[in-house]
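Here is the file structure-v3.cif (mmCIF, C-alpha atoms and all ligand atoms).
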```
data_upload
loop_
_atom_site.group_PDB
_atom_site.id
_atom_site.type_symbol
_atom_site.label_atom_id
_atom_site.label_comp_id
_atom_site.auth_asym_id
_atom_site.auth_seq_id
_atom_site.Cartn_x
_atom_site.Cartn_y
_atom_site.Cartn_z
ATOM 1 C CA MET A 1 143.050 83.652 108.421
ATOM 2 C CA TRP A 2 143.808 86.929 106.635
ATOM 3 C CA SER A 3 145.317 84.978 103.739
ATOM 4 C CA TRP A 4 141.980 83.156 103.437
ATOM 5 C CA VAL A 5 140.131 86.492 103.361
ATOM 6 C CA ALA A 6 142.541 87.836 100.753
ATOM 7 C CA HIS A 7 142.181 84.646 98.685
ATOM 8 C CA ARG A 8 138.410 85.033 98.691
ATOM 9 C CA ILE A 9 138.424 88.761 97.870
ATOM 10 C CA THR A 10 140.948 88.382 95.030
ATOM 11 C CA GLY A 11 139.027 85.371 93.635
ATOM 12 C CA VAL A 12 135.759 87.302 93.481
ATOM 13 C CA LEU A 13 137.482 90.385 92.068
ATOM 14 C CA VAL A 14 139.171 88.425 89.290
ATOM 15 C CA PHE A 15 135.898 86.662 88.489
ATOM 16 C CA PHE A 16 134.136 89.991 87.926
ATOM 17 C CA PHE A 17 137.009 91.232 85.808
ATOM 18 C CA LEU A 18 136.823 88.059 83.701
ATOM 19 C CA PHE A 19 133.180 88.873 82.918
ATOM 20 C CA ALA A 20 134.093 92.348 81.659
ATOM 21 C CA HIS A 21 137.166 91.055 79.854
ATOM 22 C CA VAL A 22 135.271 88.428 77.835
ATOM 23 C CA LEU A 23 132.776 91.126 76.802
ATOM 24 C CA ASP A 24 135.481 93.574 75.693
ATOM 25 C CA THR A 25 137.374 90.876 73.796
ATOM 26 C CA ALA A 26 134.124 89.834 72.082
ATOM 27 C CA LEU A 27 134.300 93.172 70.250
ATOM 28 C CA VAL A 28 136.872 91.579 67.882
ATOM 29 C CA ARG A 29 133.777 89.956 66.388
ATOM 30 C CA VAL A 30 132.053 93.324 65.933
ATOM 31 C CA SER A 31 134.702 95.406 64.157
ATOM 32 C CA PRO A 32 138.436 96.087 64.390
ATOM 33 C CA SER A 33 137.797 99.742 65.225
ATOM 34 C CA SER A 34 135.423 99.058 68.129
ATOM 35 C CA TYR A 35 137.903 96.558 69.581
ATOM 36 C CA ASN A 36 140.807 98.981 69.187
ATOM 37 C CA GLU A 37 138.765 101.711 70.809
ATOM 38 C CA VAL A 38 138.057 99.700 73.948
ATOM 39 C CA ILE A 39 141.657 98.457 74.144
ATOM 40 C CA GLU A 40 142.754 102.108 74.152
ATOM 41 C CA VAL A 41 141.024 102.342 77.533
ATOM 42 C CA TYR A 42 143.456 99.737 78.920
ATOM 43 C CA LYS A 43 146.356 101.870 77.712
ATOM 44 C CA SER A 44 145.197 105.001 79.533
ATOM 45 C CA PRO A 45 147.144 105.886 82.711
ATOM 46 C CA ILE A 46 144.414 105.248 85.295
ATOM 47 C CA VAL A 47 143.219 101.945 83.853
ATOM 48 C CA ASN A 48 146.860 100.950 83.405
ATOM 49 C CA LEU A 49 147.340 101.462 87.145
ATOM 50 C CA LEU A 50 144.164 99.477 87.890
ATOM 51 C CA GLU A 51 145.546 96.724 85.661
ATOM 52 C CA VAL A 52 148.629 96.513 87.874
ATOM 53 C CA GLY A 53 146.214 96.010 90.781
ATOM 54 C CA LEU A 54 144.516 93.224 88.857
ATOM 55 C CA VAL A 55 147.845 91.534 88.146
ATOM 56 C CA ALA A 56 148.664 91.804 91.861
ATOM 57 C CA ALA A 57 145.307 90.225 92.780
ATOM 58 C CA VAL A 58 145.749 87.350 90.324
ATOM 59 C CA LEU A 59 149.354 86.785 91.409
ATOM 60 C CA PHE A 60 148.408 86.609 95.080
ATOM 61 C CA HIS A 61 145.457 84.289 94.389
ATOM 62 C CA ALA A 62 147.587 82.042 92.170
ATOM 63 C CA LEU A 63 150.481 81.725 94.641
ATOM 64 C CA ASN A 64 148.163 81.279 97.606
ATOM 65 C CA GLY A 65 146.148 78.712 95.617
ATOM 66 C CA ILE A 66 149.300 76.657 95.095
ATOM 67 C CA ARG A 67 149.943 76.890 98.849
ATOM 68 C CA ILE A 68 146.395 75.633 99.548
ATOM 69 C CA ILE A 69 146.944 72.722 97.154
ATOM 70 C CA LEU A 70 150.245 71.856 98.858
ATOM 71 C CA ILE A 71 148.618 72.004 102.306
ATOM 72 C CA ASP A 72 145.911 69.613 101.091
ATOM 73 C CA PHE A 73 148.003 67.094 99.194
ATOM 74 C CA TRP A 74 151.599 67.245 100.445
ATOM 75 C CA GLU A 75 151.992 65.200 103.608
ATOM 76 C CA SER A 76 154.140 67.849 105.321
ATOM 77 C CA GLY A 77 152.030 70.673 103.893
ATOM 78 C CA PRO A 78 150.103 71.519 107.072
ATOM 79 C CA LYS A 79 153.338 71.515 109.077
ATOM 80 C CA TYR A 80 155.053 74.018 106.780
ATOM 81 C CA GLN A 81 152.023 76.184 105.942
ATOM 82 C CA LYS A 82 153.501 79.197 107.739
ATOM 83 C CA GLN A 83 156.868 78.895 106.020
ATOM 84 C CA MET A 84 155.091 78.480 102.693
ATOM 85 C CA LEU A 85 153.183 81.699 103.372
ATOM 86 C CA TYR A 86 156.462 83.563 103.866
ATOM 87 C CA ILE A 87 157.898 82.083 100.655
ATOM 88 C CA GLU A 88 154.673 83.022 98.886
ATOM 89 C CA LEU A 89 154.882 86.637 100.058
ATOM 90 C CA VAL A 90 158.534 86.915 98.998
ATOM 91 C CA LEU A 91 157.689 85.475 95.562
ATOM 92 C CA PHE A 92 154.746 87.876 95.336
ATOM 93 C CA VAL A 93 156.967 90.928 95.831
ATOM 94 C CA VAL A 94 159.845 89.601 93.724
ATOM 95 C CA LEU A 95 157.549 88.856 90.771
ATOM 96 C CA LEU A 96 155.210 91.828 91.102
ATOM 97 C CA VAL A 97 157.779 94.630 91.338
ATOM 98 C CA PRO A 98 159.508 94.033 87.982
ATOM 99 C CA ALA A 99 156.165 93.291 86.290
ATOM 100 C CA ALA A 100 154.629 96.516 87.651
ATOM 101 C CA TYR A 101 157.721 98.437 86.560
ATOM 102 C CA ARG A 102 157.441 97.128 82.997
ATOM 103 C CA MET A 103 153.706 97.761 82.912
ATOM 104 C CA LEU A 104 153.931 101.341 84.176
ATOM 105 C CA LEU A 105 157.002 102.405 82.200
ATOM 106 C CA HIS A 106 155.110 103.612 79.140
ATOM 107 C CA THR A 107 152.493 105.412 81.232
ATOM 108 C CA ALA A 108 155.184 107.145 83.300
ATOM 109 C CA GLU A 109 156.968 108.241 80.135
ATOM 110 C CA THR A 110 153.847 109.727 78.546
ATOM 111 C CA LEU A 111 152.781 111.423 81.769
ATOM 112 C CA PHE A 112 156.060 112.878 82.882
ATOM 113 C CA GLY A 113 157.931 113.001 79.608
ATOM 114 C CA SER A 114 161.192 111.270 78.836
ATOM 115 C CA ALA A 115 164.361 111.622 76.822
ATOM 116 C CA THR A 116 162.805 110.087 73.727
ATOM 117 C CA MET B 1 121.976 47.263 100.288
ATOM 118 C CA ALA B 2 124.600 47.818 102.893
ATOM 119 C CA THR B 3 122.489 46.423 105.676
ATOM 120 C CA THR B 4 122.525 42.693 106.103
ATOM 121 C CA ALA B 5 119.015 41.734 106.863
ATOM 122 C CA VAL B 6 118.577 39.200 109.585
ATOM 123 C CA PRO B 7 116.057 36.579 108.514
ATOM 124 C CA ALA B 8 112.728 38.030 109.490
ATOM 125 C CA GLU B 9 111.399 34.821 111.017
ATOM 126 C CA ARG B 10 113.850 35.113 113.918
ATOM 127 C CA GLY B 11 112.393 38.476 114.770
ATOM 128 C CA ALA B 12 115.706 40.135 115.656
ATOM 129 C CA PRO B 13 116.086 43.888 114.979
ATOM 130 C CA GLU B 14 117.727 44.796 111.718
ATOM 131 C CA LEU B 15 121.282 45.964 112.351
ATOM 132 C CA ALA B 16 123.758 47.431 109.908
ATOM 133 C CA THR B 17 127.052 45.622 109.665
ATOM 134 C CA PRO B 18 129.944 47.474 111.305
ATOM 135 C CA ARG B 19 131.599 50.049 109.053
ATOM 136 C CA SER B 20 128.833 50.062 106.488
ATOM 137 C CA PRO B 21 128.393 53.580 105.024
ATOM 138 C CA ARG B 22 126.216 55.859 107.078
ATOM 139 C CA ARG B 23 122.936 56.506 105.356
ATOM 140 C CA ARG B 24 121.989 60.154 105.250
ATOM 141 C CA THR B 25 118.715 59.493 103.475
ATOM 142 C CA LYS B 26 115.894 57.368 104.726
ATOM 143 C CA PRO B 27 115.903 53.876 103.203
ATOM 144 C CA GLY B 28 113.899 53.938 100.044
ATOM 145 C CA ALA B 29 114.085 57.726 99.664
ATOM 146 C CA ALA B 30 114.155 58.872 96.065
ATOM 147 C CA LYS B 31 117.342 60.895 96.286
ATOM 148 C CA ALA B 32 120.608 59.120 96.939
ATOM 149 C CA ARG B 33 123.685 60.884 98.308
ATOM 150 C CA SER B 34 125.931 62.385 95.714
ATOM 151 C CA ASN B 35 129.625 63.128 95.760
ATOM 152 C CA PHE B 36 129.194 66.459 93.973
ATOM 153 C CA GLU B 37 130.956 68.516 96.649
ATOM 154 C CA LEU B 38 133.939 66.160 96.616
ATOM 155 C CA TYR B 39 134.277 66.441 92.842
ATOM 156 C CA ALA B 40 133.900 70.223 93.077
ATOM 157 C CA TRP B 41 136.696 70.318 95.670
ATOM 158 C CA VAL B 42 138.995 68.221 93.467
ATOM 159 C CA PHE B 43 138.097 70.295 90.409
ATOM 160 C CA MET B 44 139.064 73.539 92.207
ATOM 161 C CA ARG B 45 142.526 72.118 92.837
ATOM 162 C CA ILE B 46 143.137 70.606 89.385
ATOM 163 C CA SER B 47 141.836 73.673 87.546
ATOM 164 C CA GLY B 48 143.799 75.921 89.920
ATOM 165 C CA LEU B 49 147.025 74.147 89.055
ATOM 166 C CA LEU B 50 146.387 74.461 85.300
ATOM 167 C CA LEU B 51 145.233 78.075 85.618
ATOM 168 C CA PHE B 52 148.466 78.917 87.410
ATOM 169 C CA PHE B 53 150.375 78.435 84.157
ATOM 170 C CA LEU B 54 147.643 79.527 81.736
ATOM 171 C CA VAL B 55 146.642 82.751 83.527
ATOM 172 C CA LEU B 56 150.075 83.892 84.709
ATOM 173 C CA GLY B 57 151.447 83.115 81.237
ATOM 174 C CA HIS B 58 148.617 85.115 79.667
ATOM 175 C CA LEU B 59 149.194 88.104 81.954
ATOM 176 C CA PHE B 60 152.920 88.001 81.307
ATOM 177 C CA ILE B 61 152.574 87.884 77.517
ATOM 178 C CA MET B 62 149.810 90.481 77.299
ATOM 179 C CA ASN B 63 150.945 92.985 79.930
ATOM 180 C CA VAL B 64 154.682 92.621 80.472
ATOM 181 C CA LEU B 65 156.395 91.131 77.417
ATOM 182 C CA ASP B 66 157.695 93.578 74.788
ATOM 183 C CA GLY B 67 155.495 96.627 75.114
ATOM 184 C CA GLY B 68 152.655 95.039 77.098
ATOM 185 C CA VAL B 69 149.121 96.323 76.382
ATOM 186 C CA GLN B 70 150.495 99.215 74.397
ATOM 187 C CA ARG B 71 151.037 96.876 71.435
ATOM 188 C CA VAL B 72 147.656 95.123 71.663
ATOM 189 C CA ASN B 73 145.097 95.869 68.940
ATOM 190 C CA PHE B 74 142.961 93.983 66.416
ATOM 191 C CA GLY B 75 145.991 93.100 64.287
ATOM 192 C CA PHE B 76 147.796 91.701 67.306
ATOM 193 C CA VAL B 77 144.843 89.462 68.163
ATOM 194 C CA ALA B 78 144.598 88.333 64.534
ATOM 195 C CA GLY B 79 148.287 87.408 64.567
ATOM 196 C CA ARG B 80 147.954 85.387 67.746
ATOM 197 C CA TRP B 81 144.736 83.617 66.822
ATOM 198 C CA ALA B 82 146.195 82.583 63.481
ATOM 199 C CA SER B 83 147.869 79.880 65.539
ATOM 200 C CA PRO B 84 145.781 76.934 66.820
ATOM 201 C CA PHE B 85 148.117 76.822 69.819
ATOM 202 C CA TRP B 86 147.024 80.217 71.167
ATOM 203 C CA ARG B 87 143.364 79.626 70.298
ATOM 204 C CA THR B 88 143.487 76.360 72.265
ATOM 205 C CA TRP B 89 145.307 78.083 75.134
ATOM 206 C CA ASP B 90 142.688 80.833 75.310
ATOM 207 C CA LEU B 91 139.765 78.406 75.019
ATOM 208 C CA VAL B 92 141.013 76.085 77.782
ATOM 209 C CA MET B 93 141.826 79.093 79.967
ATOM 210 C CA LEU B 94 138.373 80.595 79.382
ATOM 211 C CA LEU B 95 136.502 77.397 80.253
ATOM 212 C CA LEU B 96 138.616 76.519 83.296
ATOM 213 C CA ALA B 97 138.635 80.064 84.702
ATOM 214 C CA GLU B 98 134.891 80.533 84.265
ATOM 215 C CA LEU B 99 134.028 77.176 85.846
ATOM 216 C CA HIS B 100 136.581 77.623 88.643
ATOM 217 C CA GLY B 101 135.332 81.141 89.336
ATOM 218 C CA THR B 102 131.665 80.130 89.155
ATOM 219 C CA ASN B 103 132.185 77.286 91.591
ATOM 220 C CA GLY B 104 134.172 79.609 93.851
ATOM 221 C CA LEU B 105 131.369 82.159 93.824
ATOM 222 C CA ARG B 106 128.829 79.424 94.537
ATOM 223 C CA THR B 107 130.749 78.729 97.749
ATOM 224 C CA VAL B 108 130.824 82.425 98.611
ATOM 225 C CA ILE B 109 127.054 82.775 98.025
ATOM 226 C CA ASN B 110 126.354 79.689 100.154
ATOM 227 C CA ASP B 111 128.467 81.202 102.920
ATOM 228 C CA TYR B 112 126.927 84.655 103.111
ATOM 229 C CA ALA B 113 123.385 84.567 101.735
ATOM 230 C CA GLU B 114 121.334 83.345 104.645
ATOM 231 C CA ARG B 115 117.843 83.233 103.154
ATOM 232 C CA ALA B 116 117.144 80.219 100.930
ATOM 233 C CA GLN B 117 115.359 82.467 98.423
ATOM 234 C CA THR B 118 118.304 84.880 98.204
ATOM 235 C CA ARG B 119 120.730 81.996 97.750
ATOM 236 C CA PHE B 120 118.600 80.528 94.994
ATOM 237 C CA TRP B 121 118.270 83.722 92.982
ATOM 238 C CA LEU B 122 121.896 84.750 93.386
ATOM 239 C CA LYS B 123 122.948 81.348 92.086
ATOM 240 C CA MET B 124 120.526 81.570 89.163
ATOM 241 C CA LEU B 125 122.084 84.930 88.285
ATOM 242 C CA LEU B 126 125.555 83.403 88.643
ATOM 243 C CA TYR B 127 124.785 80.401 86.408
ATOM 244 C CA THR B 128 123.125 82.615 83.804
ATOM 245 C CA SER B 129 126.166 84.879 83.630
ATOM 246 C CA ALA B 130 128.511 81.859 83.482
ATOM 247 C CA PHE B 131 126.510 80.380 80.589
ATOM 248 C CA LEU B 132 126.637 83.700 78.778
ATOM 249 C CA VAL B 133 130.385 84.166 79.260
ATOM 250 C CA VAL B 134 131.233 80.581 78.231
ATOM 251 C CA THR B 135 128.988 80.689 75.155
ATOM 252 C CA LEU B 136 130.052 84.131 73.978
ATOM 253 C CA GLY B 137 133.746 83.509 74.636
ATOM 254 C CA THR B 138 133.774 80.134 72.887
ATOM 255 C CA LEU B 139 131.882 81.529 69.925
ATOM 256 C CA VAL B 140 134.316 84.422 69.560
ATOM 257 C CA ILE B 141 137.353 82.119 69.599
ATOM 258 C CA PHE B 142 135.851 79.713 67.055
ATOM 259 C CA THR B 143 134.377 82.254 64.653
ATOM 260 C CA PHE B 144 137.116 84.898 64.732
ATOM 261 C CA ASP B 145 137.563 86.479 61.308
ATOM 262 C CA PRO B 146 140.900 88.262 60.721
ATOM 263 C CA ASP B 147 139.575 89.899 57.544
ATOM 264 C CA LEU B 148 136.611 91.557 59.237
HETATM 265 C C1 LIG A 201 145.846 81.416 88.674
HETATM 266 C C2 LIG A 201 145.738 80.263 89.270
HETATM 267 C C3 LIG A 201 144.668 79.934 90.315
HETATM 268 C C4 LIG A 201 144.881 79.076 91.349
HETATM 269 C C5 LIG A 201 146.176 78.310 91.655
HETATM 270 C C6 LIG A 201 143.647 79.011 92.106
HETATM 271 C C7 LIG A 201 143.439 78.197 93.198
HETATM 272 C C8 LIG A 201 142.317 78.196 93.980
HETATM 273 C C9 LIG A 201 142.090 77.305 95.096
HETATM 274 C C10 LIG A 201 143.027 76.191 95.534
HETATM 275 C C11 LIG A 201 140.899 77.663 95.651
HETATM 276 C C12 LIG A 201 140.329 77.094 96.928
HETATM 277 C C13 LIG A 201 139.139 76.232 96.742
HETATM 278 C C14 LIG A 201 138.672 75.711 98.090
HETATM 279 O O1 LIG A 201 138.997 76.302 99.135
HETATM 280 O O2 LIG A 201 137.976 74.699 98.065
HETATM 281 C C15 LIG A 201 140.366 78.768 94.888
HETATM 282 C C16 LIG A 201 139.184 79.426 95.163
HETATM 283 C C17 LIG A 201 138.634 80.394 94.368
HETATM 284 N N1 LIG A 201 139.129 80.865 93.161
HETATM 285 FE FE1 LIG A 201 140.904 80.360 92.371
HETATM 286 N N2 LIG A 201 142.719 79.855 91.532
HETATM 287 C C18 LIG A 201 143.290 80.429 90.429
HETATM 288 C C19 LIG A 201 142.678 81.308 89.553
HETATM 289 C C20 LIG A 201 141.398 81.841 89.717
HETATM 290 C C21 LIG A 201 140.719 82.704 88.759
HETATM 291 C C22 LIG A 201 141.279 83.113 87.394
HETATM 292 C C23 LIG A 201 139.506 83.046 89.327
HETATM 293 C C24 LIG A 201 138.411 83.914 88.773
HETATM 294 C C25 LIG A 201 137.820 83.690 87.634
HETATM 295 C C26 LIG A 201 139.438 82.388 90.624
HETATM 296 C C27 LIG A 201 138.368 82.509 91.491
HETATM 297 C C28 LIG A 201 138.252 81.824 92.679
HETATM 298 C C29 LIG A 201 137.160 81.986 93.613
HETATM 299 C C30 LIG A 201 135.988 82.957 93.460
HETATM 300 C C31 LIG A 201 137.400 81.102 94.673
HETATM 301 C C32 LIG A 201 136.531 80.874 95.922
HETATM 302 C C33 LIG A 201 137.130 81.571 97.112
HETATM 303 C C34 LIG A 201 136.574 81.072 98.419
HETATM 304 O O3 LIG A 201 135.785 80.115 98.449
HETATM 305 O O4 LIG A 201 136.968 81.661 99.440
HETATM 306 N N3 LIG A 201 140.595 81.667 90.825
HETATM 307 N N4 LIG A 201 141.255 79.069 93.871
#
```
Write out the structure in this file as structure tokens.
Ligand code: HEM
Amino acid sequence: MWSWVAHRITGVLVFFFLFAHVLDTALVRVSPSSYNEVIEVYKSPIVNLLEVGLVAAVLFHALNGIRIILIDFWESGPKYQKQMLYIELVLFVVLLVPAAYRMLLHTAETLFGSAT
Amino acid sequence: MATTAVPAERGAPELATPRSPRRRTKPGAAKARSNFELYAWVFMRISGLLLFFLVLGHLFIMNVLDGGVQRVNFGFVAGRWASPFWRTWDLVMLLLAELHGTNGLRTVINDYAERAQTRFWLKMLLYTSAFLVVTLGTLVIFTFDPDL
């Protein structure tokens, strides 16, 4: 039940982001400087953190979507739906943590300073 | 069509043969049943499977791989879109994601908007925005000019 709620919320969230993202990318057709300016926003610390949230939302929706597909089409899918949810959650953490680390590294270095 | 008419002269009532499809519309009604919802259901699953690779791949390349967003700028886009492979990737991803998301939102609107009028206008707004995003996105990918 909660995984259904989360699937719905992440789906809607990602859809709204896609709208904004197509508009910001369309600026490559306006001028290089206006595109670069808006991409700078993505590089700022707060938006960078929000972007990690977006990646988390997409990752959950994608993994859960595969689980839904397996429940629908794999003959033993309904029987193992619970186990698949546990596998999904493990994959979610295992994939998200290193990705978030890589994404936040630069921001952490500029905010808190580093050896370089 | 599915009903086997008993010769009228015998005067027996007209009965459908066993297992003939149930008719949801009155015989002779203008609108026949459609399988739209079935196709939409199948489409959500096929597009979902393709998006799994396209979208996660996109996020990985753009946000995680060497430097992530920090290296993205106009020159980076120009370099990528010089290759038909990445332009095709982005185009297919755009179309599938927008259609998948639009159909998903259609379900959400149908679930929560209780008044017929509200449902209608929310869906009009949704389809308008989908048309805009698909048109603008496709145009940008096809007309990109690296020397701008
Ligand atoms: C990354 C791979 C993705 C997979 C594997 C996936 C899979 C699915 C599946 C299987 C459904 C269920 C459809 C149903 O219950 O009939 C669904 C629903 C949905 N998806 Fe996706 N999807 C993906 C990406 C996306 C993206 C990029 C968006 C946004 C543009 C999106 C938005 C939605 C929405 C709004 C729903 C409807 C939710 C609901 O009815 O509760 N999905 N997805």
Convert the output of the PyMOL selection byres ((chain B) within 9 of (chain A and not hetatm)) on the shown file into explicit residues, formatted as an MDAnalysis selection string.
chainID B and resid 45:46 48:49 51:52 55:56 59:60 63:70 72:75 77 94 97:98 101:102 104:105 108 129:130 133:134 136:137 139:141 143:146 148
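If only C-alpha atoms and all ligand atoms are the atoms counted, then among B:Phe142, B:Phe43, B:Phe120, B:Tyr127 the closest residue to ligand LIG 201 (chain A) is B:Phe43.
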Provide an axis-aligned box for all listed atoms of ligand LIG 201 (chain A), padding each side by 4 Å; report its centre and its edge lengths in Å to one decimal, as JSON.
```
{"center_x": 141.0, "center_y": 79.3, "center_z": 93.4, "size_x": 18.4, "size_y": 17.2, "size_z": 20.0}
```
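Reported to one decimal place, the separation of CA of Phe17 (chain A) from CA of Arg119 (chain B) is 22.2 Å.
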How about completing region 49-69 of chain A with N, CA, C and O atoms and giving it to me as a tab-separated table (two decimals), keeping the file's coordinate frame?
```tsv
chain	number	residue	atom	x	y	z
A	49	LEU	N	147.04	101.65	85.72
A	49	LEU	CA	147.34	101.46	87.14
A	49	LEU	C	146.41	100.41	87.76
A	49	LEU	O	146.84	99.56	88.54
A	50	LEU	N	145.12	100.47	87.40
A	50	LEU	CA	144.16	99.48	87.89
A	50	LEU	C	144.58	98.07	87.45
A	50	LEU	O	144.42	97.09	88.17
A	51	GLU	N	145.12	98.01	86.22
A	51	GLU	CA	145.55	96.72	85.66
A	51	GLU	C	146.69	96.13	86.49
A	51	GLU	O	146.77	94.92	86.67
A	52	VAL	N	147.57	97.00	86.99
A	52	VAL	CA	148.63	96.51	87.87
A	52	VAL	C	148.00	95.91	89.13
A	52	VAL	O	148.43	94.86	89.63
A	53	GLY	N	146.94	96.55	89.63
A	53	GLY	CA	146.21	96.01	90.78
A	53	GLY	C	145.62	94.66	90.47
A	53	GLY	O	145.66	93.73	91.29
A	54	LEU	N	145.08	94.51	89.26
A	54	LEU	CA	144.52	93.22	88.86
A	54	LEU	C	145.59	92.15	88.81
A	54	LEU	O	145.40	91.03	89.30
A	55	VAL	N	146.74	92.49	88.21
A	55	VAL	CA	147.84	91.53	88.15
A	55	VAL	C	148.26	91.12	89.56
A	55	VAL	O	148.50	89.94	89.84
A	56	ALA	N	148.31	92.11	90.47
A	56	ALA	CA	148.66	91.80	91.86
A	56	ALA	C	147.64	90.84	92.47
A	56	ALA	O	148.01	89.87	93.15
A	57	ALA	N	146.36	91.09	92.22
A	57	ALA	CA	145.31	90.22	92.78
A	57	ALA	C	145.43	88.80	92.25
A	57	ALA	O	145.37	87.83	93.01
A	58	VAL	N	145.62	88.68	90.92
A	58	VAL	CA	145.75	87.35	90.32
A	58	VAL	C	146.99	86.64	90.86
A	58	VAL	O	146.94	85.45	91.20
A	59	LEU	N	148.11	87.39	90.95
A	59	LEU	CA	149.35	86.78	91.41
A	59	LEU	C	149.21	86.27	92.84
A	59	LEU	O	149.63	85.15	93.16
A	60	PHE	N	148.60	87.08	93.71
A	60	PHE	CA	148.41	86.61	95.08
A	60	PHE	C	147.54	85.37	95.11
A	60	PHE	O	147.87	84.36	95.75
A	61	HIS	N	146.39	85.42	94.39
A	61	HIS	CA	145.46	84.29	94.39
A	61	HIS	C	146.12	83.02	93.84
A	61	HIS	O	145.94	81.94	94.38
A	62	ALA	N	146.92	83.19	92.79
A	62	ALA	CA	147.59	82.04	92.17
A	62	ALA	C	148.61	81.42	93.12
A	62	ALA	O	148.61	80.20	93.34
A	63	LEU	N	149.46	82.25	93.72
A	63	LEU	CA	150.48	81.72	94.64
A	63	LEU	C	149.83	81.11	95.88
A	63	LEU	O	150.20	80.01	96.32
A	64	ASN	N	148.83	81.80	96.43
A	64	ASN	CA	148.16	81.28	97.61
A	64	ASN	C	147.40	79.99	97.28
A	64	ASN	O	147.32	79.08	98.12
A	65	GLY	N	146.85	79.92	96.04
A	65	GLY	CA	146.15	78.71	95.62
A	65	GLY	C	147.08	77.51	95.60
A	65	GLY	O	146.72	76.41	96.02
A	66	ILE	N	148.31	77.74	95.11
A	66	ILE	CA	149.30	76.66	95.10
A	66	ILE	C	149.62	76.22	96.53
A	66	ILE	O	149.74	75.04	96.84
A	67	ARG	N	149.69	77.22	97.44
A	67	ARG	CA	149.94	76.89	98.85
A	67	ARG	C	148.80	76.04	99.41
A	67	ARG	O	149.04	75.04	100.10
A	68	ILE	N	147.56	76.41	99.08
A	68	ILE	CA	146.40	75.63	99.55
A	68	ILE	C	146.49	74.19	99.04
A	68	ILE	O	146.28	73.24	99.79
A	69	ILE	N	146.84	74.06	97.75
A	69	ILE	CA	146.94	72.72	97.15
A	69	ILE	C	148.03	71.90	97.87
A	69	ILE	O	147.84	70.73	98.18
```
